[in-house]
Amino acid sequence: MSKKIVIFVLVISLLMSISTLVLAEENYPSKPITWIVPFGTGGGSDQFARIMEKQIESVTDAEIVVMNIPGSKTAVGLNNLMQREADGYTIFGATTDSIINLVTGVNSYDLEEIRPLANVQHNVDMWFIKKDEDRFSNFEELVRFAKENPGELSIATTGLNGADSLSIRQIEESKDFDIENVPYSEPGERYSALAGGHVDILHEQPGDVMSFIDAGEYKPIIVMTEDRIEGFEDVPTTKEKNIDVTSGYWRGVWVKAGTPDYAIDYLSEIIKKAYDTEEYKEYEKRKFLHLREGLKSGQEYQNFIEEEYKYYTEVMQ
């Protein structure tokens with residue numbers, strides 16, 4: 001083959017590649033976008049994805065398909081994302097646990113391998129007991145009971161090294177007591193564990209268990225914030241108890257690094273449009289998600305992720 005023919009073939013190949021890229025950008029999205037929820041159905045992350053799916057489809061032409069892939073505190077779902085093409089057709093519902101999994105090596109990826117799109121929710125964490133609990137009625141009495149009855153109390157969590165477990169460990173160390181960590185992978189199992197008396201405490205966000213609170217089954221005894229929060233003004237804070245824990249479970253959206261900029265821009269835009277809808281704002285308030293700043297995108301969210309990575313690296317050490 002002559003040199004001219006080789007050059008001609010290379011030029012044609014280049015032009016075809018460029019044409020394909022241009023066509024992909026012009027037609028994006030040309031098929032449904034999969035939203036990976038790394039937990040089972042019914043929990044906060046599942047509710048988050050489904051309200052966003054509804055709002056995105058109500059204000060844009062995008063079609064979202066929610067796919068639940070639970071396991072290892074978001075690790076299985078993230079692995080699924082990383083095995084797919086970085087083409088903008090798969091997004092991942094990231095949480096605080098997703099960062100912890102990167103720090104601990106449960107997911108063997110570097111921060112550079114993921115692209116944070118936006119953080120949408122930043123929750124507050126609380127401890128709940130049964131409303132009819134007769135051994136203790138507040139946080140101080142619970143701590144006293146745990147000290148006097150070592151090994152008797154248990155708490156429902158998402159996993160042994162999740163964000164909730166780390167907060168629990170810090171509270172235990174601060175007040176010098178121990179409770180048994182009982183992990184549940186399914187949100188519904190976690191919630192019903194307390195209601196059914198299988199555990200004594202639940203570490204959870206208020207919006208995720210409002211049905212139990214409204215039904216008079218759960219009683220909050222401490223909130224992990226500096227100031228008392230709207231709707232729970234009678235619940236003391238960790239700061240009041242001299243505990244240096246003000247944790248809050250956050251939820252955002254990631255894609256795989258290498259996703260085209262046009263897809264990044266489009267996805268960021270539709271997430272913001274969904275976040276700004278009146279129905280989402282009502283949902284946000286109903287679930288007590290408005291108590292902390294939620295939406296972060298672009299460099300602000302990138303900085304937040306890097307700070308979280310640094311924080312949990314120090315905490316795990």
# chains A, B, ... in the order shown; residues from 1 in each chain; ligands from 1

$ select_by_dssp --residues "range 60-150 of chain A" --states "strand (DSSP E or B)" --output "PyMOL selection string"
chain A and resi 64-68+90-95+114-122+126-130

$ closest_atom_pairs --of "range 125-158 of chain A" --to "range 232-255 of chain A" --cutoff "12 Å" --atoms "only C-alpha atoms" --output "tab-separated table"
residue	atom	partner	partner_atom	distance
A:Asp125	CA	A:Gly248	CA	5.3
A:Met126	CA	A:Gly248	CA	9.0
A:Trp127	CA	A:Val235	CA	10.1
A:Phe128	CA	A:Val235	CA	10.6
A:Ser137	CA	A:Val235	CA	11.8
A:Asn138	CA	A:Val235	CA	9.2
A:Phe139	CA	A:Pro236	CA	8.6
A:Glu140	CA	A:Lys241	CA	8.9
A:Val143	CA	A:Lys241	CA	11.5
A:Thr158	CA	A:Tyr249	CA	11.7

$ write_last_selection --atoms "C-alpha atoms" --output "tab-separated table (two decimals), in the first residue's frame"
chain	number	residue	atom	x	y	z
A	125	ASP	CA	-28.53	11.78	61.74
A	126	MET	CA	-30.50	10.84	64.84
A	127	TRP	CA	-30.90	8.01	67.30
A	128	PHE	CA	-34.37	6.54	67.78
A	137	SER	CA	-36.48	7.46	77.99
A	138	ASN	CA	-33.62	9.74	76.92
A	139	PHE	CA	-29.98	9.68	75.84
A	140	GLU	CA	-28.49	10.04	79.35
A	143	VAL	CA	-25.90	5.62	78.31
A	158	THR	CA	-26.25	-0.20	57.40

$ closest_residue --among "A:Arg84, A:Ser192, A:Pro38, A:Val59" --to "Gly258 in chain A" --atoms "only C-alpha atoms"
A:Arg84

$ closest_residue --among "A:Ile129, A:Ile271, A:Ile305, A:Leu291" --to "Ser58 in chain A" --atoms "only C-alpha atoms"
A:Ile271

$ residues_around --residues "range 294-303 of chain A" --least-positions-apart "3" --cutoff "12 Å" --atoms "only C-alpha atoms" --output "number ranges by chain"
A: 111-112, 114-124, 248-254, 261, 264-265, 267-269, 271-276, 281, 284-285, 288-291, 306-310

$ write_last_selection --atoms "C-alpha atoms" --output "PDB file, in the first residue's frame"
ATOM      1  CA  LEU A 111     -10.924   9.500  43.205  1.00  0.00           C
ATOM      2  CA  GLU A 112      -9.646  10.335  39.719  1.00  0.00           C
ATOM      3  CA  ILE A 114     -14.984   8.913  39.232  1.00  0.00           C
ATOM      4  CA  ARG A 115     -16.540  12.230  38.229  1.00  0.00           C
ATOM      5  CA  PRO A 116     -18.799  13.827  40.872  1.00  0.00           C
ATOM      6  CA  LEU A 117     -21.740  15.591  39.223  1.00  0.00           C
ATOM      7  CA  ALA A 118     -23.788  17.051  42.039  1.00  0.00           C
ATOM      8  CA  ASN A 119     -24.649  16.610  45.681  1.00  0.00           C
ATOM      9  CA  VAL A 120     -28.389  16.950  46.221  1.00  0.00           C
ATOM     10  CA  GLN A 121     -29.120  15.967  49.820  1.00  0.00           C
ATOM     11  CA  HIS A 122     -27.283  16.422  53.116  1.00  0.00           C
ATOM     12  CA  ASN A 123     -29.198  14.851  55.959  1.00  0.00           C
ATOM     13  CA  VAL A 124     -29.020  14.986  59.739  1.00  0.00           C
ATOM     14  CA  GLY A 248     -25.143  13.891  58.259  1.00  0.00           C
ATOM     15  CA  TYR A 249     -25.626  11.341  55.501  1.00  0.00           C
ATOM     16  CA  TRP A 250     -25.323  12.958  52.062  1.00  0.00           C
ATOM     17  CA  ARG A 251     -26.540  11.755  48.683  1.00  0.00           C
ATOM     18  CA  GLY A 252     -25.251  12.821  45.304  1.00  0.00           C
ATOM     19  CA  VAL A 253     -24.693  11.698  41.742  1.00  0.00           C
ATOM     20  CA  TRP A 254     -21.470  10.362  40.199  1.00  0.00           C
ATOM     21  CA  ASP A 261     -18.307  16.953  28.747  1.00  0.00           C
ATOM     22  CA  ILE A 264     -21.691  16.056  32.104  1.00  0.00           C
ATOM     23  CA  ASP A 265     -23.219  19.443  31.268  1.00  0.00           C
ATOM     24  CA  LEU A 267     -26.809  15.711  33.390  1.00  0.00           C
ATOM     25  CA  SER A 268     -25.824  18.554  35.717  1.00  0.00           C
ATOM     26  CA  GLU A 269     -28.475  20.760  34.135  1.00  0.00           C
ATOM     27  CA  ILE A 271     -30.415  17.481  38.075  1.00  0.00           C
ATOM     28  CA  LYS A 272     -30.602  21.191  38.924  1.00  0.00           C
ATOM     29  CA  LYS A 273     -33.917  21.554  37.085  1.00  0.00           C
ATOM     30  CA  ALA A 274     -35.355  18.643  39.056  1.00  0.00           C
ATOM     31  CA  TYR A 275     -33.984  20.053  42.318  1.00  0.00           C
ATOM     32  CA  ASP A 276     -35.631  23.413  41.640  1.00  0.00           C
ATOM     33  CA  LYS A 281     -38.906  21.389  47.375  1.00  0.00           C
ATOM     34  CA  GLU A 284     -37.312  18.104  50.681  1.00  0.00           C
ATOM     35  CA  LYS A 285     -39.110  19.918  53.490  1.00  0.00           C
ATOM     36  CA  PHE A 288     -36.367  17.334  56.698  1.00  0.00           C
ATOM     37  CA  LEU A 289     -33.751  17.564  53.951  1.00  0.00           C
ATOM     38  CA  HIS A 290     -33.833  21.360  53.950  1.00  0.00           C
ATOM     39  CA  LEU A 291     -32.022  21.640  57.284  1.00  0.00           C
ATOM     40  CA  GLU A 306     -11.991  15.597  48.354  1.00  0.00           C
ATOM     41  CA  GLU A 307     -12.574  17.015  51.843  1.00  0.00           C
ATOM     42  CA  GLU A 308     -14.768  14.036  52.746  1.00  0.00           C
ATOM     43  CA  TYR A 309     -12.080  11.660  51.510  1.00  0.00           C
ATOM     44  CA  LYS A 310      -9.487  13.387  53.669  1.00  0.00           C
TER      45      LYS A 310
END

$ closest_residue --among "A:Glu172, A:Glu230, A:Glu186, A:Asp132" --to "Pro206 in chain A" --atoms "only C-alpha atoms"
A:Glu230

$ select_by_dssp --residues "range 65-143 of chain A" --states "alpha helix (DSSP H)" --output "list in words"
Ala75, Val76, Gly77, Leu78, Asn79, Asn80, Leu81, Met82, Thr96, Asp97, Ser98, Ile99, Ile100, Asn101, Leu102, Val103, Thr104, Phe139, Glu140, Glu141, Leu142 and Val143 of chain A

$ write_last_selection --atoms "N, CA and C atoms" --output "short mmCIF file (atom, residue, chain, number, x, y, z; two decimals), in the first residue's frame"
data_model
loop_
_atom_site.label_atom_id
_atom_site.label_comp_id
_atom_site.auth_asym_id
_atom_site.auth_seq_id
_atom_site.Cartn_x
_atom_site.Cartn_y
_atom_site.Cartn_z
N ALA A 75 -20.91 -0.50 47.56
CA ALA A 75 -19.74 -0.99 46.82
C ALA A 75 -20.13 -1.78 45.57
N VAL A 76 -21.16 -2.61 45.67
CA VAL A 76 -21.57 -3.42 44.53
C VAL A 76 -22.11 -2.53 43.41
N GLY A 77 -22.87 -1.52 43.79
CA GLY A 77 -23.41 -0.60 42.80
C GLY A 77 -22.33 0.20 42.10
N LEU A 78 -21.31 0.64 42.85
CA LEU A 78 -20.22 1.39 42.24
C LEU A 78 -19.42 0.50 41.29
N ASN A 79 -19.21 -0.74 41.67
CA ASN A 79 -18.52 -1.67 40.77
C ASN A 79 -19.28 -1.81 39.45
N ASN A 80 -20.59 -1.84 39.54
CA ASN A 80 -21.42 -1.95 38.34
C ASN A 80 -21.23 -0.74 37.44
N LEU A 81 -21.21 0.45 38.04
CA LEU A 81 -20.97 1.66 37.26
C LEU A 81 -19.63 1.60 36.54
N MET A 82 -18.59 1.19 37.26
CA MET A 82 -17.23 1.22 36.72
C MET A 82 -17.02 0.17 35.63
N THR A 96 -22.37 8.96 51.47
CA THR A 96 -21.20 9.03 52.36
C THR A 96 -20.45 7.70 52.37
N ASP A 97 -21.19 6.60 52.36
CA ASP A 97 -20.55 5.27 52.38
C ASP A 97 -19.68 5.03 51.15
N SER A 98 -20.02 5.67 50.04
CA SER A 98 -19.23 5.47 48.81
C SER A 98 -17.82 6.00 48.99
N ILE A 99 -17.69 7.12 49.69
CA ILE A 99 -16.36 7.68 49.98
C ILE A 99 -15.61 6.76 50.94
N ILE A 100 -16.30 6.28 51.97
CA ILE A 100 -15.66 5.41 52.95
C ILE A 100 -15.15 4.14 52.28
N ASN A 101 -15.91 3.61 51.32
CA ASN A 101 -15.47 2.41 50.61
C ASN A 101 -14.21 2.65 49.79
N LEU A 102 -14.06 3.87 49.26
CA LEU A 102 -12.83 4.22 48.54
C LEU A 102 -11.66 4.34 49.51
N VAL A 103 -11.92 4.94 50.66
CA VAL A 103 -10.87 5.13 51.67
C VAL A 103 -10.37 3.78 52.19
N THR A 104 -11.30 2.86 52.46
CA THR A 104 -10.93 1.58 53.06
C THR A 104 -10.49 0.53 52.04
N PHE A 139 -31.35 10.09 76.16
CA PHE A 139 -29.98 9.68 75.84
C PHE A 139 -29.16 9.39 77.10
N GLU A 140 -29.27 10.24 78.13
CA GLU A 140 -28.49 10.04 79.35
C GLU A 140 -28.86 8.72 80.02
N GLU A 141 -30.15 8.41 80.06
CA GLU A 141 -30.59 7.17 80.67
C GLU A 141 -30.13 5.96 79.85
N LEU A 142 -30.10 6.11 78.54
CA LEU A 142 -29.61 5.03 77.68
C LEU A 142 -28.14 4.74 77.96
N VAL A 143 -27.33 5.79 78.04
CA VAL A 143 -25.90 5.62 78.31
C VAL A 143 -25.70 4.95 79.67
#

$ closest_residue --among "A:Ile221, A:Met210, A:Ala156, A:Ile51" --to "Arg190 in chain A" --atoms "only C-alpha atoms"
A:Ala156

$ closest_residue --among "A:Met316, A:Ile56, A:Ala263, A:Ile213" --to "Arg169 in chain A" --atoms "only C-alpha atoms"
A:Met316

$ closest_residue --among "A:Glu133, A:Leu194, A:Asn27, A:Lys73" --to "Asp164 in chain A" --atoms "only C-alpha atoms"
A:Lys73

$ closest_atom_pairs --of "range 82-165 of chain A" --to "range 197-200 of chain A" --cutoff "6 Å" --atoms "only C-alpha atoms" --output "JSON lines"
{"residue": "A:Leu153", "atom": "CA", "partner": "A:Asp200", "partner_atom": "CA", "distance": 5.9}
{"residue": "A:Ser154", "atom": "CA", "partner": "A:Val199", "partner_atom": "CA", "distance": 5.2}
{"residue": "A:Ile155", "atom": "CA", "partner": "A:Val199", "partner_atom": "CA", "distance": 5.6}

$ residues_around --residues "Thr41 in chain A" --least-positions-apart "5" --cutoff "12 Å" --atoms "only C-alpha atoms" --output "ChimeraX atom specification"
/A:36,46-50,66-70,185-189

$ write_last_selection --atoms "N, CA and C atoms" --output "JSON list (two decimals), in the first residue's frame"
[["chain", "number", "residue", "atom", "x", "y", "z"],
["A", 36, "ILE", "N", -28.24, 4.06, 39.00],
["A", 36, "ILE", "CA", -27.95, 2.96, 39.91],
["A", 36, "ILE", "C", -28.17, 3.40, 41.35],
["A", 46, "ASP", "N", -33.18, 5.14, 47.62],
["A", 46, "ASP", "CA", -34.18, 4.73, 46.65],
["A", 46, "ASP", "C", -35.23, 5.83, 46.47],
["A", 47, "GLN", "N", -35.66, 6.42, 47.59],
["A", 47, "GLN", "CA", -36.62, 7.52, 47.52],
["A", 47, "GLN", "C", -36.03, 8.71, 46.76],
["A", 48, "PHE", "N", -34.77, 8.99, 47.02],
["A", 48, "PHE", "CA", -34.06, 10.09, 46.35],
["A", 48, "PHE", "C", -34.06, 9.90, 44.84],
["A", 49, "ALA", "N", -33.68, 8.71, 44.39],
["A", 49, "ALA", "CA", -33.62, 8.44, 42.96],
["A", 49, "ALA", "C", -34.99, 8.54, 42.31],
["A", 50, "ARG", "N", -35.99, 8.05, 42.99],
["A", 50, "ARG", "CA", -37.32, 8.00, 42.37],
["A", 50, "ARG", "C", -38.00, 9.36, 42.33],
["A", 66, "VAL", "N", -34.53, 3.63, 37.03],
["A", 66, "VAL", "CA", -33.91, 3.36, 38.33],
["A", 66, "VAL", "C", -33.63, 1.87, 38.46],
["A", 67, "MET", "N", -32.38, 1.56, 38.85],
["A", 67, "MET", "CA", -31.97, 0.15, 39.01],
["A", 67, "MET", "C", -31.35, -0.03, 40.40],
["A", 68, "ASN", "N", -31.97, -0.84, 41.24],
["A", 68, "ASN", "CA", -31.45, -1.11, 42.58],
["A", 68, "ASN", "C", -30.41, -2.22, 42.53],
["A", 69, "ILE", "N", -29.19, -1.88, 42.98],
["A", 69, "ILE", "CA", -28.10, -2.86, 43.04],
["A", 69, "ILE", "C", -27.47, -2.77, 44.43],
["A", 70, "PRO", "N", -28.10, -3.40, 45.45],
["A", 70, "PRO", "CA", -27.59, -3.29, 46.82],
["A", 70, "PRO", "C", -26.38, -4.17, 47.07],
["A", 185, "SER", "N", -28.79, -4.89, 55.40],
["A", 185, "SER", "CA", -28.55, -4.35, 54.07],
["A", 185, "SER", "C", -29.80, -3.72, 53.47],
["A", 186, "GLU", "N", -30.97, -4.19, 53.89],
["A", 186, "GLU", "CA", -32.23, -3.66, 53.37],
["A", 186, "GLU", "C", -32.79, -2.62, 54.33],
["A", 187, "PRO", "N", -33.14, -1.42, 53.84],
["A", 187, "PRO", "CA", -33.69, -0.38, 54.72],
["A", 187, "PRO", "C", -34.90, -0.83, 55.52],
["A", 188, "GLY", "N", -35.84, -1.52, 54.84],
["A", 188, "GLY", "CA", -37.04, -1.97, 55.53],
["A", 188, "GLY", "C", -36.75, -2.88, 56.70],
["A", 189, "GLU", "N", -35.75, -3.74, 56.55],
["A", 189, "GLU", "CA", -35.36, -4.63, 57.63],
["A", 189, "GLU", "C", -34.81, -3.85, 58.82]]

$ decode --residues "range 159-186 of chain A" --atoms "N, CA and C atoms" --output "PDB file, in the first residue's frame"
ATOM      1  N   GLY A 159     -24.121  -1.148  58.173  1.00  0.00           N
ATOM      2  CA  GLY A 159     -22.967  -2.032  58.046  1.00  0.00           C
ATOM      3  C   GLY A 159     -21.915  -1.713  59.080  1.00  0.00           C
ATOM      4  N   LEU A 160     -20.949  -2.608  59.222  1.00  0.00           N
ATOM      5  CA  LEU A 160     -19.970  -2.482  60.299  1.00  0.00           C
ATOM      6  C   LEU A 160     -18.985  -1.342  60.093  1.00  0.00           C
ATOM      7  N   ASN A 161     -18.728  -0.937  58.870  1.00  0.00           N
ATOM      8  CA  ASN A 161     -17.798   0.170  58.633  1.00  0.00           C
ATOM      9  C   ASN A 161     -18.433   1.275  57.806  1.00  0.00           C
ATOM     10  N   GLY A 162     -19.739   1.433  57.935  1.00  0.00           N
ATOM     11  CA  GLY A 162     -20.420   2.502  57.236  1.00  0.00           C
ATOM     12  C   GLY A 162     -20.311   3.821  57.978  1.00  0.00           C
ATOM     13  N   ALA A 163     -20.856   4.864  57.384  1.00  0.00           N
ATOM     14  CA  ALA A 163     -20.815   6.190  57.995  1.00  0.00           C
ATOM     15  C   ALA A 163     -21.517   6.190  59.346  1.00  0.00           C
ATOM     16  N   ASP A 164     -22.649   5.468  59.434  1.00  0.00           N
ATOM     17  CA  ASP A 164     -23.372   5.443  60.708  1.00  0.00           C
ATOM     18  C   ASP A 164     -22.554   4.730  61.783  1.00  0.00           C
ATOM     19  N   SER A 165     -21.884   3.639  61.418  1.00  0.00           N
ATOM     20  CA  SER A 165     -21.082   2.901  62.397  1.00  0.00           C
ATOM     21  C   SER A 165     -19.918   3.732  62.933  1.00  0.00           C
ATOM     22  N   LEU A 166     -19.322   4.543  62.061  1.00  0.00           N
ATOM     23  CA  LEU A 166     -18.222   5.399  62.505  1.00  0.00           C
ATOM     24  C   LEU A 166     -18.719   6.444  63.497  1.00  0.00           C
ATOM     25  N   SER A 167     -19.880   7.019  63.231  1.00  0.00           N
ATOM     26  CA  SER A 167     -20.459   7.997  64.159  1.00  0.00           C
ATOM     27  C   SER A 167     -20.790   7.335  65.496  1.00  0.00           C
ATOM     28  N   ILE A 168     -21.357   6.128  65.435  1.00  0.00           N
ATOM     29  CA  ILE A 168     -21.696   5.392  66.655  1.00  0.00           C
ATOM     30  C   ILE A 168     -20.441   5.129  67.481  1.00  0.00           C
ATOM     31  N   ARG A 169     -19.372   4.736  66.807  1.00  0.00           N
ATOM     32  CA  ARG A 169     -18.114   4.443  67.489  1.00  0.00           C
ATOM     33  C   ARG A 169     -17.579   5.683  68.208  1.00  0.00           C
ATOM     34  N   GLN A 170     -17.701   6.836  67.547  1.00  0.00           N
ATOM     35  CA  GLN A 170     -17.236   8.082  68.151  1.00  0.00           C
ATOM     36  C   GLN A 170     -18.077   8.452  69.374  1.00  0.00           C
ATOM     37  N   ILE A 171     -19.377   8.226  69.298  1.00  0.00           N
ATOM     38  CA  ILE A 171     -20.257   8.512  70.437  1.00  0.00           C
ATOM     39  C   ILE A 171     -19.939   7.574  71.594  1.00  0.00           C
ATOM     40  N   GLU A 172     -19.733   6.300  71.287  1.00  0.00           N
ATOM     41  CA  GLU A 172     -19.383   5.327  72.325  1.00  0.00           C
ATOM     42  C   GLU A 172     -18.090   5.736  73.034  1.00  0.00           C
ATOM     43  N   GLU A 173     -17.087   6.101  72.262  1.00  0.00           N
ATOM     44  CA  GLU A 173     -15.802   6.485  72.854  1.00  0.00           C
ATOM     45  C   GLU A 173     -15.929   7.762  73.680  1.00  0.00           C
ATOM     46  N   SER A 174     -16.766   8.679  73.209  1.00  0.00           N
ATOM     47  CA  SER A 174     -16.937   9.941  73.917  1.00  0.00           C
ATOM     48  C   SER A 174     -17.570   9.743  75.288  1.00  0.00           C
ATOM     49  N   LYS A 175     -18.511   8.803  75.394  1.00  0.00           N
ATOM     50  CA  LYS A 175     -19.237   8.590  76.650  1.00  0.00           C
ATOM     51  C   LYS A 175     -18.852   7.288  77.350  1.00  0.00           C
ATOM     52  N   ASP A 176     -17.880   6.565  76.794  1.00  0.00           N
ATOM     53  CA  ASP A 176     -17.330   5.358  77.410  1.00  0.00           C
ATOM     54  C   ASP A 176     -18.390   4.284  77.677  1.00  0.00           C
ATOM     55  N   PHE A 177     -19.086   3.866  76.626  1.00  0.00           N
ATOM     56  CA  PHE A 177     -20.023   2.766  76.742  1.00  0.00           C
ATOM     57  C   PHE A 177     -19.982   1.971  75.437  1.00  0.00           C
ATOM     58  N   ASP A 178     -20.604   0.788  75.436  1.00  0.00           N
ATOM     59  CA  ASP A 178     -20.581  -0.078  74.255  1.00  0.00           C
ATOM     60  C   ASP A 178     -21.980  -0.580  73.932  1.00  0.00           C
ATOM     61  N   ILE A 179     -22.295  -0.612  72.634  1.00  0.00           N
ATOM     62  CA  ILE A 179     -23.528  -1.235  72.156  1.00  0.00           C
ATOM     63  C   ILE A 179     -23.179  -2.096  70.949  1.00  0.00           C
ATOM     64  N   GLU A 180     -23.968  -3.103  70.729  1.00  0.00           N
ATOM     65  CA  GLU A 180     -23.703  -4.019  69.623  1.00  0.00           C
ATOM     66  C   GLU A 180     -24.236  -3.447  68.309  1.00  0.00           C
ATOM     67  N   ASN A 181     -23.388  -3.457  67.286  1.00  0.00           N
ATOM     68  CA  ASN A 181     -23.768  -2.994  65.957  1.00  0.00           C
ATOM     69  C   ASN A 181     -24.393  -4.165  65.191  1.00  0.00           C
ATOM     70  N   VAL A 182     -25.650  -3.994  64.767  1.00  0.00           N
ATOM     71  CA  VAL A 182     -26.340  -5.042  64.015  1.00  0.00           C
ATOM     72  C   VAL A 182     -26.635  -4.514  62.609  1.00  0.00           C
ATOM     73  N   PRO A 183     -25.907  -4.983  61.593  1.00  0.00           N
ATOM     74  CA  PRO A 183     -26.086  -4.457  60.231  1.00  0.00           C
ATOM     75  C   PRO A 183     -27.248  -5.089  59.484  1.00  0.00           C
ATOM     76  N   TYR A 184     -27.933  -4.257  58.690  1.00  0.00           N
ATOM     77  CA  TYR A 184     -29.019  -4.710  57.819  1.00  0.00           C
ATOM     78  C   TYR A 184     -28.801  -4.082  56.450  1.00  0.00           C
ATOM     79  N   SER A 185     -28.792  -4.888  55.404  1.00  0.00           N
ATOM     80  CA  SER A 185     -28.554  -4.353  54.069  1.00  0.00           C
ATOM     81  C   SER A 185     -29.799  -3.716  53.471  1.00  0.00           C
ATOM     82  N   GLU A 186     -30.971  -4.189  53.893  1.00  0.00           N
ATOM     83  CA  GLU A 186     -32.229  -3.656  53.373  1.00  0.00           C
ATOM     84  C   GLU A 186     -32.794  -2.617  54.334  1.00  0.00           C
TER      85      GLU A 186
END
